[in-house]
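Asker: Please find my_file_37.txt (compact mmCIF, C-alpha atoms) on the next line:
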```txt
# COMPACT_ATOMS: atom_id res chain seq x y z
CA MET L 1 70.40 104.46 112.66
CA VAL L 2 73.81 106.12 112.61
CA ASN L 3 75.18 107.58 109.37
CA LEU L 4 78.65 106.26 108.57
CA PRO L 5 81.12 107.33 105.89
CA GLU L 6 82.27 104.93 103.22
CA PRO L 7 84.81 102.26 104.24
CA GLY L 8 88.38 103.53 104.13
CA HIS L 9 87.68 106.63 106.24
CA ARG L 10 88.86 107.15 109.82
CA VAL L 11 86.00 107.05 112.32
CA VAL L 12 85.23 107.08 116.02
CA VAL L 13 82.35 104.85 117.09
CA ARG L 14 80.83 104.90 120.59
CA TYR L 15 79.03 101.69 121.48
CA ILE L 16 77.70 99.71 124.43
CA LEU L 17 79.56 96.60 125.60
CA PRO L 18 77.64 93.52 126.82
CA THR L 19 78.48 94.69 130.39
CA GLY L 20 76.47 97.88 129.80
CA GLN L 21 79.55 100.15 129.71
CA ALA L 22 80.15 102.49 126.79
CA THR L 23 83.45 102.41 124.91
CA ASP L 24 84.93 103.89 121.74
CA ALA L 25 86.55 102.37 118.69
CA LEU L 26 88.85 104.72 116.78
CA GLY L 27 90.35 103.69 113.46
CA GLU L 28 89.74 102.92 109.81
CA LEU L 29 86.26 101.80 108.87
CA LEU L 30 86.86 98.53 107.04
CA SER L 31 83.30 97.43 106.25
CA THR L 32 79.65 97.81 107.07
CA ASP L 33 76.63 95.58 106.58
CA ALA L 34 73.09 95.36 107.94
CA GLU L 35 74.25 93.79 111.22
CA THR L 36 77.82 94.91 112.00
CA ILE L 37 80.52 97.42 111.25
CA THR L 38 84.24 96.63 111.33
CA VAL L 39 86.85 99.13 112.55
CA ASP L 40 90.64 98.58 112.49
CA GLY L 41 92.21 100.55 115.34
CA LYS L 42 94.95 100.34 117.97
CA ARG L 43 93.15 97.49 119.75
CA GLY L 44 92.98 95.51 116.53
CA VAL L 45 90.00 94.77 114.33
CA GLU L 46 86.70 95.29 116.15
CA ARG L 47 83.38 93.97 114.87
CA ILE L 48 80.63 96.11 116.39
CA PRO L 49 76.94 95.16 116.28
CA ARG L 50 74.92 98.01 114.77
CA GLY L 51 72.39 97.75 117.60
CA ALA L 52 75.11 98.58 120.15
CA ILE L 53 76.20 101.82 118.44
CA ILE L 54 75.31 105.05 120.23
CA ALA L 55 77.14 107.49 117.93
CA ALA L 56 79.65 107.49 115.10
CA LYS L 57 81.39 110.10 113.01
CA GLU L 58 84.27 110.59 110.62
CA VAL L 59 87.39 112.10 112.16
CA PRO L 60 90.52 113.64 110.63
CA PRO L 61 93.71 111.64 110.12
CA PRO L 62 95.95 111.24 113.16
CA PRO L 63 98.58 113.93 113.70
CA ALA L 64 102.12 113.27 112.52
CA PRO L 65 104.35 111.68 115.16
CA ARG L 66 106.30 114.16 117.25
CA PRO L 67 110.08 114.02 117.01
CA ARG L 68 111.68 112.35 120.01
CA ARG L 69 113.84 114.57 122.17
CA HIS L 70 117.24 113.39 123.25
CA PRO L 71 117.38 113.13 127.10
CA SER L 72 120.37 115.50 127.31
CA SER L 73 118.83 118.24 125.15
CA PRO L 74 117.30 121.28 126.90
CA ALA L 75 113.52 121.40 127.11
```
Let me see the file written as structure tokens.
Answerer:
Amino acid sequence: MVNLPEPGHRVVVRYILPTGQATDALGELLSTDAETITVDGKRGVERIPRGAIIAAKEVPPPPAPRPRRHPSSPA
């Protein structure tokens, strides 16, 4: 079984889809129970069966957004 931080932390979870492909969910861990975990990321809220999880870990907060450059400013 994979160790997960408490809900409210940012995590990355690698898991197996029903097609057999592996994918990642990156976002805030909303909840965990005996059967599923719930992660809120860029793709929306994902409910992941615990049996499909390959690996999971806490990750640092996302970096601050970079300032946008004006098209006419030099690089």
Asker: Can you tell me how far CA of Val45 in chain L sits from CA of Tyr15 in chain L, in Å to one decimal?
Answerer: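 Distance reported for this atom pair: 14.8 Å.
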Asker: Go through L:Ala34, L:Gly41, L:Pro5, L:Gly20 and flag the residue nearest Pro62 in chain L, using all atoms listed in the file for the distances.
Answerer: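 The answer is L:Gly41, which sits nearest to Pro62 in chain L.
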Asker: Please indicate the distance in Å from CA of Arg14 in chain L to CA of Pro63 in chain L, rounded to one decimal place.
Answerer: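 These two atoms are separated by 21.1 Å.
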Asker: Could you check which of L:Glu35, L:Asp40, L:Glu6, L:Glu46 is closest to Thr23 in chain L, using all atoms listed in the file?
Answerer: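 For Thr23 in chain L, the nearest of the given residues is L:Glu46.
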Asker: Taking 2 positions as the minimum chain separation for residues in the same chain, which residues sit within 10 Å of Pro7 in chain L when counting all atoms listed in the file? Answer as a VMD selection string.
Answerer: chain L and resid 4 to 5 9 to 11 28 to 32 37 to 39
Asker: For a test of reading the model, state the distance in Å between CA of Pro61 in chain L and CA of Lys42 in chain L, rounded to one decimal.
Answerer: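 Going from CA of Pro61 in chain L over to CA of Lys42 in chain L, I get 13.8 Å.
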Asker: Taking all atoms listed in the file into account, which of L:Pro60, L:Pro65, L:Pro18, L:Gly51 comes nearest Val2 in chain L?
Answerer: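 Once distances to Val2 in chain L are computed over all atoms listed in the file, the minimum belongs to L:Gly51.
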Asker: Select, from L:Ala64, L:Arg69, L:Arg50, L:Val59, the residue with the minimum atom-to-atom distance to Leu17 in chain L, counting only C-alpha atoms.
Answerer: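 Result for the nearest residue to Leu17 in chain L: L:Arg50.
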Asker: Which is closest to Ala22 in chain L among L:Ile54, L:Gly44, L:Gly8, L:Asn3, if we use all atoms listed in the file?
Answerer: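 Comparing L:Ile54, L:Gly44, L:Gly8, L:Asn3 against Ala22 in chain L, the winner is L:Ile54.
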Asker: The centre and edge lengths of an axis-aligned box containing all atoms of range 14-31 of chain L present in the file, extended by 5 Å on each side, are to be given in Å to one decimal, as JSON.
Answerer:
```
{"center_x": 83.4, "center_y": 99.2, "center_z": 118.3, "size_x": 23.9, "size_y": 21.4, "size_z": 34.1}
```
Asker: Excluding same-chain residues fewer than 3 positions from Val12 in chain L, what lies within 6 Å of it counting only C-alpha atoms, as a ChimeraX atom specification?
Answerer: /L:25-26,56-57
